[in-house]
$ cat work33.txt   # compact mmCIF, C-alpha atoms and all ligand atoms
# COMPACT_ATOMS: atom_id res chain seq x y z
CA MET A 17 22.68 2.10 11.03
CA LYS A 18 23.05 -1.20 9.21
CA ALA A 19 20.02 -2.74 7.52
CA ARG A 20 19.29 -5.58 5.13
CA ILE A 21 16.78 -4.66 2.45
CA VAL A 22 15.43 -7.27 0.05
CA LEU A 23 14.38 -6.01 -3.38
CA LEU A 24 11.67 -7.95 -5.21
CA PRO A 25 11.49 -6.12 -8.55
CA GLY A 26 8.86 -8.49 -10.00
CA ASP A 27 7.34 -7.99 -13.44
CA GLY A 28 6.55 -5.26 -15.98
CA ILE A 29 7.64 -1.84 -14.76
CA GLY A 30 8.57 -3.31 -11.35
CA PRO A 31 12.32 -3.54 -12.04
CA GLU A 32 12.45 0.02 -13.44
CA VAL A 33 10.75 1.65 -10.47
CA VAL A 34 12.56 -0.43 -7.86
CA SER A 35 15.95 0.58 -9.27
CA GLN A 36 14.90 4.26 -8.95
CA ALA A 37 13.89 3.79 -5.32
CA ARG A 38 17.18 2.05 -4.69
CA ALA A 39 19.06 5.07 -6.03
CA VAL A 40 17.19 7.22 -3.52
CA LEU A 41 17.94 4.79 -0.67
CA ASP A 42 21.61 4.77 -1.70
CA ARG A 43 21.66 8.55 -1.40
CA VAL A 44 20.01 8.45 2.02
CA ALA A 45 22.59 5.91 3.17
CA ALA A 46 25.51 7.99 1.89
CA VAL A 47 24.21 11.17 3.50
CA GLY A 48 23.33 9.61 6.86
CA GLY A 49 26.28 7.24 7.11
CA HIS A 50 23.99 4.20 6.99
CA GLN A 51 24.85 0.86 5.53
CA PHE A 52 22.03 -0.65 3.51
CA ILE A 53 22.74 -4.13 2.22
CA PHE A 54 20.55 -4.93 -0.78
CA GLU A 55 19.65 -8.40 -1.96
CA GLU A 56 17.45 -9.20 -4.95
CA ALA A 57 15.09 -12.12 -5.28
CA LEU A 58 12.40 -13.43 -7.64
CA MET A 59 8.70 -13.04 -7.10
CA GLY A 60 5.67 -13.04 -9.40
CA GLY A 61 5.58 -14.03 -13.07
CA CYS A 62 9.37 -13.95 -13.43
CA ALA A 63 9.58 -16.41 -10.53
CA ILE A 64 6.99 -18.68 -12.14
CA ASP A 65 9.06 -18.70 -15.34
CA ALA A 66 12.28 -19.48 -13.48
CA THR A 67 11.05 -21.92 -10.83
CA GLY A 68 7.37 -22.73 -11.35
CA SER A 69 6.39 -20.91 -8.17
CA PRO A 70 5.38 -17.23 -7.78
CA LEU A 71 7.11 -17.13 -4.40
CA PRO A 72 9.99 -19.63 -4.37
CA ASP A 73 11.36 -20.95 -1.08
CA ASP A 74 14.68 -19.26 -1.85
CA THR A 75 12.95 -15.89 -1.92
CA LEU A 76 11.19 -16.55 1.37
CA ALA A 77 14.51 -17.60 2.92
CA ILE A 78 16.21 -14.38 1.80
CA CYS A 79 13.27 -12.30 3.14
CA GLU A 80 13.42 -14.20 6.44
CA ASN A 81 16.70 -12.44 7.29
CA ALA A 82 15.70 -9.00 6.03
CA ASP A 83 14.81 -5.86 7.95
CA ALA A 84 12.53 -4.75 5.16
CA ILE A 85 11.28 -5.82 1.73
CA LEU A 86 10.69 -3.50 -1.21
CA LEU A 87 8.47 -4.88 -3.97
CA GLY A 88 7.89 -3.47 -7.46
CA ALA A 89 4.86 -5.13 -9.03
CA VAL A 90 3.81 -8.60 -10.11
CA GLY A 91 1.71 -9.93 -12.97
CA GLY A 92 1.20 -9.45 -16.67
CA PRO A 93 -0.72 -10.84 -19.65
CA LYS A 94 1.64 -13.78 -19.95
CA TRP A 95 0.45 -15.18 -16.62
CA SER A 96 -3.08 -13.77 -16.41
CA ASP A 97 -5.17 -16.74 -17.54
CA PRO A 98 -7.66 -17.05 -14.64
CA ALA A 99 -7.73 -20.83 -15.16
CA ALA A 100 -3.97 -21.19 -14.73
CA PRO A 101 -3.08 -23.22 -11.61
CA VAL A 102 -0.33 -20.78 -10.54
CA ARG A 103 -0.60 -17.02 -10.83
CA PRO A 104 1.74 -14.18 -9.83
CA GLU A 105 -0.82 -12.73 -7.37
CA GLN A 106 -0.63 -15.89 -5.28
CA GLY A 107 2.93 -14.89 -4.42
CA LEU A 108 1.68 -11.63 -3.00
CA LEU A 109 -1.01 -13.27 -0.88
CA LYS A 110 1.47 -15.87 0.34
CA ILE A 111 4.17 -13.41 1.39
CA ARG A 112 1.60 -11.32 3.30
CA GLN A 113 0.35 -14.39 5.12
CA HIS A 114 3.78 -15.93 5.69
CA PHE A 115 5.13 -12.85 7.46
CA GLY A 116 1.85 -12.05 9.23
CA LEU A 117 1.58 -8.65 7.56
CA PHE A 118 -1.93 -7.94 8.78
CA ALA A 119 -1.96 -4.15 8.55
CA ASN A 120 -1.77 -2.50 5.16
CA LEU A 121 -1.22 1.27 5.27
CA ARG A 122 -2.19 3.17 2.14
CA PRO A 123 -1.85 6.92 2.46
CA VAL A 124 -3.71 8.96 -0.16
CA LYS A 125 -2.54 12.53 -0.38
CA VAL A 126 -3.31 15.02 -3.09
CA PHE A 127 -0.30 17.07 -4.08
CA PRO A 128 -1.76 20.53 -4.76
CA ALA A 129 0.25 20.72 -7.99
CA LEU A 130 -1.60 17.66 -9.29
CA ALA A 131 -5.17 18.51 -8.28
CA PRO A 132 -6.05 19.80 -11.76
CA HIS A 133 -5.08 16.40 -13.14
CA ALA A 134 -7.50 14.42 -10.95
CA PRO A 135 -10.93 13.42 -12.25
CA LEU A 136 -12.68 15.15 -9.34
CA ARG A 137 -13.35 18.90 -9.10
CA ALA A 138 -10.26 20.60 -7.70
CA ASP A 139 -12.21 22.35 -4.91
CA LEU A 140 -13.23 18.95 -3.48
CA LEU A 141 -9.58 17.94 -3.29
CA ASP A 142 -8.36 20.70 -0.99
CA ASN A 143 -6.81 19.15 2.11
CA VAL A 144 -7.37 15.55 1.10
CA ASP A 145 -5.08 13.46 3.29
CA ILE A 146 -6.41 9.99 4.06
CA LEU A 147 -4.71 6.99 5.58
CA PHE A 148 -6.33 3.69 4.69
CA VAL A 149 -5.64 0.90 7.14
CA ARG A 150 -6.68 -2.30 5.42
CA GLU A 151 -6.76 -5.68 7.18
CA LEU A 152 -4.54 -7.83 4.96
CA THR A 153 -4.35 -11.44 6.14
CA GLY A 154 -7.94 -12.36 6.91
CA GLY A 155 -11.50 -11.91 5.70
CA ILE A 156 -12.82 -13.23 2.43
CA TYR A 157 -9.35 -13.39 0.86
CA PHE A 158 -8.32 -16.17 3.21
CA GLY A 159 -11.62 -17.83 4.15
CA GLU A 160 -12.67 -21.28 3.03
CA ARG A 161 -13.52 -21.41 -0.65
CA GLN A 162 -14.59 -24.01 -3.10
CA GLU A 163 -15.75 -24.47 -6.64
CA GLN A 164 -18.36 -27.23 -6.84
CA GLY A 165 -20.52 -29.18 -9.24
CA ASN A 166 -18.28 -28.87 -12.29
CA GLY A 167 -18.05 -25.17 -11.77
CA SER A 168 -21.81 -24.55 -11.56
CA THR A 169 -21.53 -23.15 -8.01
CA ALA A 170 -18.74 -21.67 -5.96
CA TYR A 171 -18.34 -20.00 -2.60
CA ASP A 172 -15.93 -17.85 -0.62
CA THR A 173 -16.20 -17.24 3.09
CA MET A 174 -15.83 -13.93 4.88
CA GLN A 175 -14.70 -14.73 8.39
CA TYR A 176 -13.11 -12.59 11.08
CA SER A 177 -12.17 -13.26 14.68
CA THR A 178 -12.23 -10.53 17.32
CA ALA A 179 -8.44 -10.95 17.71
CA GLU A 180 -7.88 -10.25 14.01
CA VAL A 181 -10.05 -7.13 14.11
CA GLU A 182 -8.57 -5.91 17.38
CA ARG A 183 -4.95 -5.95 16.26
CA VAL A 184 -5.57 -4.03 13.05
CA ALA A 185 -7.92 -1.63 14.84
CA HIS A 186 -5.14 -0.77 17.31
CA VAL A 187 -2.83 0.06 14.39
CA ALA A 188 -5.50 2.37 12.96
CA PHE A 189 -6.30 4.10 16.26
CA GLN A 190 -2.63 4.65 16.98
CA ALA A 191 -2.16 6.15 13.54
CA ALA A 192 -5.18 8.41 14.12
CA ARG A 193 -3.50 9.69 17.28
CA GLN A 194 -0.55 10.87 15.18
CA ARG A 195 -2.92 12.59 12.76
CA GLN A 196 -6.30 14.34 13.03
CA ARG A 197 -7.73 11.91 15.62
CA ARG A 198 -10.64 10.86 13.43
CA LEU A 199 -11.33 7.29 12.40
CA ALA A 200 -13.96 5.93 10.02
CA SER A 201 -14.50 2.19 10.34
CA VAL A 202 -16.00 0.59 7.25
CA ASP A 203 -18.31 -2.42 7.38
CA LYS A 204 -21.53 -3.92 6.07
CA ALA A 205 -23.03 -4.57 9.48
CA ASN A 206 -26.57 -4.21 8.14
CA VAL A 207 -26.17 -7.46 6.19
CA LEU A 208 -23.10 -9.52 7.17
CA ALA A 209 -22.49 -11.30 10.48
CA SER A 210 -18.71 -10.99 10.12
CA MET A 211 -19.17 -7.25 9.74
CA ARG A 212 -21.34 -7.02 12.85
CA LEU A 213 -18.43 -8.62 14.71
CA TRP A 214 -16.16 -6.07 13.01
CA ARG A 215 -18.26 -3.13 14.22
CA ARG A 216 -18.65 -4.51 17.75
CA THR A 217 -14.92 -5.12 18.04
CA VAL A 218 -13.90 -1.71 16.69
CA SER A 219 -16.35 -0.07 19.15
CA ALA A 220 -14.75 -1.96 22.03
CA VAL A 221 -11.21 -1.02 20.95
CA ALA A 222 -12.37 2.61 20.61
CA GLU A 223 -12.87 2.72 24.38
CA ASP A 224 -9.07 2.68 24.73
CA TYR A 225 -8.85 5.79 22.54
CA PRO A 226 -11.37 8.31 23.91
CA ASP A 227 -9.41 11.09 22.21
CA VAL A 228 -10.20 9.67 18.75
CA THR A 229 -13.59 10.40 17.15
CA VAL A 230 -15.05 7.27 15.56
CA GLU A 231 -17.72 6.87 12.91
CA HIS A 232 -18.99 3.57 11.58
CA VAL A 233 -19.72 3.80 7.88
CA LEU A 234 -21.36 1.23 5.64
CA VAL A 235 -19.10 0.37 2.73
CA ASP A 236 -21.54 1.51 0.03
CA ALA A 237 -22.05 4.87 1.71
CA CYS A 238 -18.29 5.17 2.24
CA ALA A 239 -17.67 4.69 -1.48
CA MET A 240 -19.98 7.64 -2.11
CA HIS A 241 -18.63 9.88 0.67
CA LEU A 242 -15.09 9.37 -0.64
CA MET A 243 -16.15 11.12 -3.84
CA ARG A 244 -18.43 13.76 -2.29
CA ARG A 245 -16.40 14.80 0.74
CA PRO A 246 -12.94 13.18 0.57
CA ALA A 247 -11.37 15.88 2.73
CA SER A 248 -13.56 14.88 5.69
CA PHE A 249 -11.71 11.56 6.12
CA ASP A 250 -8.62 11.06 8.24
CA VAL A 251 -8.00 7.36 9.01
CA VAL A 252 -10.21 4.81 7.22
CA LEU A 253 -10.16 1.32 8.71
CA ALA A 254 -11.51 -1.52 6.58
CA GLY A 255 -11.42 -5.27 6.13
CA ASN A 256 -9.42 -6.97 3.41
CA MET A 257 -11.80 -6.77 0.46
CA PHE A 258 -13.52 -3.48 1.27
CA GLY A 259 -10.13 -1.89 1.91
CA ASP A 260 -8.87 -3.19 -1.44
CA ILE A 261 -11.78 -1.63 -3.32
CA LEU A 262 -12.02 1.67 -1.45
CA SER A 263 -8.29 2.35 -1.57
CA ASP A 264 -8.26 1.99 -5.37
CA GLU A 265 -11.27 4.28 -5.57
CA ALA A 266 -9.60 6.89 -3.37
CA ALA A 267 -6.33 6.57 -5.29
CA THR A 268 -7.99 8.27 -8.25
CA LEU A 269 -8.15 11.39 -6.07
CA ALA A 270 -4.38 11.66 -6.26
CA GLY A 271 -4.44 12.02 -10.03
CA SER A 272 -2.51 8.86 -10.78
CA LEU A 273 -2.03 5.42 -9.28
CA GLY A 274 1.66 5.96 -10.01
CA MET A 275 1.95 8.36 -7.07
CA LEU A 276 0.91 6.18 -4.18
CA PRO A 277 2.96 4.06 -1.78
CA SER A 278 1.95 1.37 0.70
CA ALA A 279 3.31 -0.50 3.68
CA SER A 280 2.27 -3.92 4.94
CA LEU A 281 3.16 -4.43 8.58
CA GLY A 282 2.94 -7.17 11.16
CA GLN A 283 3.81 -7.62 14.80
CA ASP A 284 7.54 -6.91 14.40
CA ARG A 285 9.34 -4.17 12.51
CA ARG A 286 9.90 -6.04 9.28
CA GLY A 287 7.51 -4.78 6.62
CA LEU A 288 6.76 -5.14 2.94
CA TYR A 289 6.64 -1.92 0.93
CA GLU A 290 5.25 -1.47 -2.55
CA PRO A 291 3.68 1.10 -4.82
CA ILE A 292 -0.04 0.48 -5.21
CA HIS A 293 0.11 0.47 -9.01
CA GLY A 294 0.40 -2.75 -10.98
CA SER A 295 3.02 -3.99 -13.41
CA ALA A 296 1.74 -1.82 -16.32
CA PRO A 297 2.99 -4.20 -19.03
CA ASP A 298 1.94 -1.76 -21.76
CA ILE A 299 4.64 0.73 -20.78
CA ALA A 300 7.25 -1.67 -19.37
CA GLY A 301 10.81 -1.04 -20.51
CA LYS A 302 9.96 2.28 -22.15
CA GLY A 303 11.23 4.59 -19.43
CA LEU A 304 7.75 6.07 -18.98
CA ALA A 305 6.83 4.73 -15.54
CA ASN A 306 6.30 7.11 -12.66
CA PRO A 307 8.84 6.12 -9.96
CA ILE A 308 7.19 8.24 -7.23
CA GLY A 309 4.95 5.51 -5.77
CA THR A 310 7.99 3.30 -5.21
CA ILE A 311 10.19 6.14 -3.97
CA LEU A 312 7.50 7.09 -1.44
CA SER A 313 7.26 3.41 -0.48
CA ALA A 314 10.99 3.53 0.26
CA ALA A 315 10.27 6.52 2.51
CA MET A 316 7.66 4.46 4.37
CA LEU A 317 10.24 1.67 4.68
CA LEU A 318 12.66 4.04 6.36
CA ARG A 319 9.93 5.27 8.71
CA HIS A 320 8.28 2.02 9.75
CA SER A 321 11.00 -0.63 9.52
CA LEU A 322 14.19 1.34 10.17
CA GLU A 323 12.86 4.15 12.37
CA LEU A 324 14.54 6.76 10.17
CA GLU A 325 11.74 9.32 10.36
CA GLU A 326 13.91 12.25 9.43
CA GLU A 327 15.18 10.55 6.29
CA ALA A 328 11.62 9.53 5.35
CA ARG A 329 10.49 13.15 5.56
CA MET A 330 13.47 14.28 3.54
CA ILE A 331 12.36 12.05 0.66
CA GLU A 332 8.72 13.16 0.92
CA GLN A 333 9.83 16.78 0.88
CA ALA A 334 12.04 16.22 -2.15
CA VAL A 335 9.13 14.59 -4.04
CA SER A 336 6.80 17.52 -3.22
CA SER A 337 9.37 20.04 -4.22
CA ALA A 338 10.20 18.22 -7.49
CA LEU A 339 6.50 18.16 -8.37
CA ALA A 340 6.10 21.81 -7.46
CA SER A 341 8.90 22.62 -9.91
CA GLY A 342 6.64 21.31 -12.68
CA ILE A 343 8.37 18.10 -13.67
CA ARG A 344 5.89 15.35 -14.66
CA THR A 345 6.01 11.79 -15.89
CA ALA A 346 3.52 10.91 -18.65
CA ASP A 347 0.79 9.70 -16.26
CA ILE A 348 0.56 13.11 -14.58
CA SER A 349 1.47 15.46 -17.39
CA GLY A 350 -1.26 17.38 -19.15
CA PRO A 351 -1.77 17.47 -22.90
CA GLY A 352 0.83 19.39 -24.85
CA THR A 353 3.59 19.09 -22.24
CA GLN A 354 6.71 17.06 -22.83
CA PRO A 355 6.73 14.36 -20.13
CA ALA A 356 9.84 13.48 -18.17
CA SER A 357 11.20 9.95 -18.23
CA THR A 358 11.39 7.67 -15.21
CA THR A 359 15.04 8.50 -14.59
CA GLU A 360 14.57 12.25 -15.17
CA MET A 361 11.91 12.26 -12.47
CA THR A 362 14.24 10.42 -10.09
CA GLN A 363 17.07 12.84 -10.89
CA ALA A 364 14.78 15.77 -10.07
CA ILE A 365 14.08 14.17 -6.68
CA LEU A 366 17.74 13.32 -6.00
CA LYS A 367 18.68 16.91 -6.80
CA ARG A 368 16.47 18.01 -3.91
CA LEU A 369 18.10 15.67 -1.39
CA PRO A 370 21.32 16.51 0.42
CA ALA A 371 24.28 15.51 -1.75
C1 LIG B 401 -3.62 -5.11 -3.99
C2 LIG B 401 -3.91 -6.03 -5.15
C3 LIG B 401 -3.96 -7.46 -4.62
C4 LIG B 401 -5.08 -7.54 -3.61
C5 LIG B 401 -4.12 -8.54 -5.69
C6 LIG B 401 -3.12 -8.39 -6.81
C7 LIG B 401 -4.06 -9.92 -5.08
O1 LIG B 401 -5.09 -5.67 -5.77
O2 LIG B 401 -2.53 -5.23 -3.40
O3 LIG B 401 -4.44 -4.27 -3.67
O4 LIG B 401 -6.24 -7.70 -3.98
O5 LIG B 401 -4.79 -7.46 -2.43
MN MN B 402 -5.99 -3.86 -5.00

$ encode --input "work33.txt" --output "structure tokens" --more "lines below"
Ligand code: IPM
Ligand code: MN
Amino acid sequence: MKARIVLLPGDGIGPEVVSQARAVLDRVAAVGGHQFIFEEALMGGCAIDATGSPLPDDTLAICENADAILLGAVGGPKWSDPAAPVRPEQGLLKIRQHFGLFANLRPVKVFPALAPHAPLRADLLDNVDILFVRELTGGIYFGERQEQGNGSTAYDTMQYSTAEVERVAHVAFQAARQRQRRLASVDKANVLASMRLWRRTVSAVAEDYPDVTVEHVLVDACAMHLMRRPASFDVVLAGNMFGDILSDEAATLAGSLGMLPSASLGQDRRGLYEPIHGSAPDIAGKGLANPIGTILSAAMLLRHSLELEEEARMIEQAVSSALASGIRTADISGPGTQPASTTEMTQAILKRLPA
């Protein structure tokens, strides 16, 4: 197949990890006889430096014609002044909104080889395999906000419509059908009106999926259950802010943020794929970054935007098998072991793909 893939390397370790994922995509293309056409564009702090905008119109135009977008990371100390009028993160929010990427999939899997590295007792981590489905273009992130009275008061608004909840709930229920058929919907219906609408709407959508078992969980209780019984979760559906917080919390289960991929999807096949880690400016350019989160994001890209399920699994298999062989980047290596570099980790994965 022929596909156009836009690379947005971004800031910090972004360029390093994106180039590793590209090497893996190049291999997949060579093996499967696919033609992937890569284009690079600016986003984040590097885009602010070059153009004044974190998401320049040129970048949007290039993405407009793409089948999929692979992003590294944006941000860094240089652009992190909260009072600055433009910030790298605004580019991320804008691209999500512009392309209507309302469903953010964040799978959290614990590779058995890494369980000893996680902060939670290893016995609690057996069989942890959670898919977070986070609503990404609504809620308090996009509600009306204002700072008033010379900064003495400020407000943000959490607002949801039934249509917004319905469409992301369908994504989550359909995913549950491909998995263990269990869905936990997260809200704060005991306090917030928007979250009562959330619960009501998810309950109504659930009627279309009688084969999926649904529980409604309050966000505070969910935060606790994720630590006490993480293996009991299958699909977790949450609004924009709660999903942001809970998915970071759950990511610690995997041992390192560097391991985890994500996909942001809308109504059509075009998606945005990115590792969930940030730009890690402290280790940028040192060859220490873990490329696995981005490589697994590339696998999600193949699955969701290009319908290359077999190739996606091939990559996931190669990552598992590389980890099982004992190779570790610094973020997942224990004390006293010599960590592998970014490129050594990628080589170990490439070695386990068809040549
Ligand atoms: C994420 C990030 C973003 C978010 C920030 C950088 C705007 O934390 O992708 O989870 O809050 O959505
Ligand atoms: Mn986040």

$ residues_around --input "work33.txt" --residues "region 262-271 of chain A" --least-positions-apart "6" --cutoff "8 Å" --atoms "only C-alpha atoms" --output "list in words"
Arg122, Val124, Lys125, Val126, Phe127, Leu130, Ala131, His133, Ala134, Pro135, Leu136, Leu141, Phe148, Ala239, Leu242, Met243 and Ile348 of chain A

$ residues_near_ligand --input "work33.txt" --ligand "ligand MN 402 (chain B)" --cutoff "12 Å" --atoms "only C-alpha atoms and all ligand atoms" --output "ChimeraX atom specification"
/A:89,105,108-109,120,122,150,152,157,256-267,273,278,290-294

$ residues_around --input "work33.txt" --residues "region 194-208 of chain A" --least-positions-apart "3" --cutoff "10 Å" --atoms "all atoms listed in the file" --output "VMD selection string"
chain A and resid 145 to 150 174 to 175 185 188 to 191 211 to 216 218 to 219 222 225 to 239 248 to 255 258 to 259 262

$ closest_residue --input "work33.txt" --among "A:Gly68, A:Gly159, A:Gly60, A:Gly48" --to "ligand LIG 401 (chain B)" --atoms "all atoms listed in the file"
A:Gly60

$ atom_distance --input "work33.txt" --atom1 "CA of Arg344 (chain A)" --atom2 "CA of Ala364 (chain A)"
10.0 Å

$ closest_residue --input "work33.txt" --among "A:Thr362, A:Gln162, A:Gln354, A:Ser280" --to "Leu121 (chain A)" --atoms "all atoms listed in the file"
A:Ser280

$ closest_residue --input "work33.txt" --among "A:Phe52, A:Tyr289, A:Tyr171, A:Tyr176" --to "ligand LIG 401 (chain B)" --atoms "only C-alpha atoms and all ligand atoms"
A:Tyr289

$ residues_around --input "work33.txt" --residues "Asp42 (chain A)" --least-positions-apart "4" --cutoff "9 Å" --atoms "all atoms listed in the file" --output "PyMOL selection string"
chain A and resi 37-38+46-47+51-52

$ closest_residue --input "work33.txt" --among "A:Arg286, A:His320, A:Arg137, A:Lys367" --to "Arg112 (chain A)" --atoms "all atoms listed in the file"
A:Arg286

$ residues_near_point --input "work33.txt" --point "(2.6, -8.2, -16.3)" --cutoff "12 Å" --atoms "only C-alpha atoms" --output "mmCIF file with C-alpha atoms, in the coordinates of the input"
data_model
loop_
_atom_site.group_PDB
_atom_site.id
_atom_site.type_symbol
_atom_site.label_atom_id
_atom_site.label_comp_id
_atom_site.auth_asym_id
_atom_site.auth_seq_id
_atom_site.Cartn_x
_atom_site.Cartn_y
_atom_site.Cartn_z
ATOM 1 C CA PRO A 25 11.490 -6.120 -8.550
ATOM 2 C CA GLY A 26 8.860 -8.490 -10.000
ATOM 3 C CA ASP A 27 7.340 -7.990 -13.440
ATOM 4 C CA GLY A 28 6.550 -5.260 -15.980
ATOM 5 C CA ILE A 29 7.640 -1.840 -14.760
ATOM 6 C CA GLY A 30 8.570 -3.310 -11.350
ATOM 7 C CA PRO A 31 12.320 -3.540 -12.040
ATOM 8 C CA GLY A 60 5.670 -13.040 -9.400
ATOM 9 C CA GLY A 61 5.580 -14.030 -13.070
ATOM 10 C CA CYS A 62 9.370 -13.950 -13.430
ATOM 11 C CA GLY A 88 7.890 -3.470 -7.460
ATOM 12 C CA ALA A 89 4.860 -5.130 -9.030
ATOM 13 C CA VAL A 90 3.810 -8.600 -10.110
ATOM 14 C CA GLY A 91 1.710 -9.930 -12.970
ATOM 15 C CA GLY A 92 1.200 -9.450 -16.670
ATOM 16 C CA PRO A 93 -0.720 -10.840 -19.650
ATOM 17 C CA LYS A 94 1.640 -13.780 -19.950
ATOM 18 C CA TRP A 95 0.450 -15.180 -16.620
ATOM 19 C CA SER A 96 -3.080 -13.770 -16.410
ATOM 20 C CA ASP A 97 -5.170 -16.740 -17.540
ATOM 21 C CA ARG A 103 -0.600 -17.020 -10.830
ATOM 22 C CA PRO A 104 1.740 -14.180 -9.830
ATOM 23 C CA GLU A 105 -0.820 -12.730 -7.370
ATOM 24 C CA HIS A 293 0.110 0.470 -9.010
ATOM 25 C CA GLY A 294 0.400 -2.750 -10.980
ATOM 26 C CA SER A 295 3.020 -3.990 -13.410
ATOM 27 C CA ALA A 296 1.740 -1.820 -16.320
ATOM 28 C CA PRO A 297 2.990 -4.200 -19.030
ATOM 29 C CA ASP A 298 1.940 -1.760 -21.760
ATOM 30 C CA ILE A 299 4.640 0.730 -20.780
ATOM 31 C CA ALA A 300 7.250 -1.670 -19.370
ATOM 32 C CA GLY A 301 10.810 -1.040 -20.510
#

$ closest_residue --input "work33.txt" --among "A:Glu32, A:Glu151, A:Asp347, A:Glu323" --to "ligand LIG 401 (chain B)" --atoms "all atoms listed in the file"
A:Glu151

$ closest_residue --input "work33.txt" --among "A:Ala119, A:Met17, A:Ala77, A:Val181" --to "ligand LIG 401 (chain B)" --atoms "all atoms listed in the file"
A:Ala119

$ atom_distance --input "work33.txt" --atom1 "CA of Asn81 (chain A)" --atom2 "CA of Leu317 (chain A)"
15.7 Å

$ atom_distance --input "work33.txt" --atom1 "CA of Gly282 (chain A)" --atom2 "CA of Phe115 (chain A)"
7.1 Å

$ residues_near_point --input "work33.txt" --point "(8.9, 15.7, -2.3)" --cutoff "10 Å" --atoms "only C-alpha atoms" --output "PDB file with C-alpha atoms, in the frame of the given file"
ATOM      1  CA  PHE A 127      -0.300  17.070  -4.080  1.00  0.00           C
ATOM      2  CA  ILE A 308       7.190   8.240  -7.230  1.00  0.00           C
ATOM      3  CA  ILE A 311      10.190   6.140  -3.970  1.00  0.00           C
ATOM      4  CA  LEU A 312       7.500   7.090  -1.440  1.00  0.00           C
ATOM      5  CA  ARG A 329      10.490  13.150   5.560  1.00  0.00           C
ATOM      6  CA  MET A 330      13.470  14.280   3.540  1.00  0.00           C
ATOM      7  CA  ILE A 331      12.360  12.050   0.660  1.00  0.00           C
ATOM      8  CA  GLU A 332       8.720  13.160   0.920  1.00  0.00           C
ATOM      9  CA  GLN A 333       9.830  16.780   0.880  1.00  0.00           C
ATOM     10  CA  ALA A 334      12.040  16.220  -2.150  1.00  0.00           C
ATOM     11  CA  VAL A 335       9.130  14.590  -4.040  1.00  0.00           C
ATOM     12  CA  SER A 336       6.800  17.520  -3.220  1.00  0.00           C
ATOM     13  CA  SER A 337       9.370  20.040  -4.220  1.00  0.00           C
ATOM     14  CA  ALA A 338      10.200  18.220  -7.490  1.00  0.00           C
ATOM     15  CA  LEU A 339       6.500  18.160  -8.370  1.00  0.00           C
ATOM     16  CA  ALA A 340       6.100  21.810  -7.460  1.00  0.00           C
ATOM     17  CA  ALA A 364      14.780  15.770 -10.070  1.00  0.00           C
ATOM     18  CA  ILE A 365      14.080  14.170  -6.680  1.00  0.00           C
ATOM     19  CA  LEU A 366      17.740  13.320  -6.000  1.00  0.00           C
ATOM     20  CA  ARG A 368      16.470  18.010  -3.910  1.00  0.00           C
ATOM     21  CA  LEU A 369      18.100  15.670  -1.390  1.00  0.00           C
TER      22      LEU A 369
END

$ residues_around --input "work33.txt" --residues "His50 (chain A)" --least-positions-apart "4" --cutoff "12 Å" --atoms "only C-alpha atoms" --output "list in words"
Met17, Lys18, Ala19, Arg20, Leu41, Asp42, Arg43, Val44, Ala45, Ala46, Leu318, Leu322, Leu324 and Glu327 of chain A

$ write_last_selection --input "work33.txt" --atoms "C-alpha atoms" --output "compact mmCIF listing (two decimals), keeping the file's coordinate frame"
# COMPACT_ATOMS: atom_id res chain seq x y z
CA MET A 17 22.68 2.10 11.03
CA LYS A 18 23.05 -1.20 9.21
CA ALA A 19 20.02 -2.74 7.52
CA ARG A 20 19.29 -5.58 5.13
CA LEU A 41 17.94 4.79 -0.67
CA ASP A 42 21.61 4.77 -1.70
CA ARG A 43 21.66 8.55 -1.40
CA VAL A 44 20.01 8.45 2.02
CA ALA A 45 22.59 5.91 3.17
CA ALA A 46 25.51 7.99 1.89
CA LEU A 318 12.66 4.04 6.36
CA LEU A 322 14.19 1.34 10.17
CA LEU A 324 14.54 6.76 10.17
CA GLU A 327 15.18 10.55 6.29
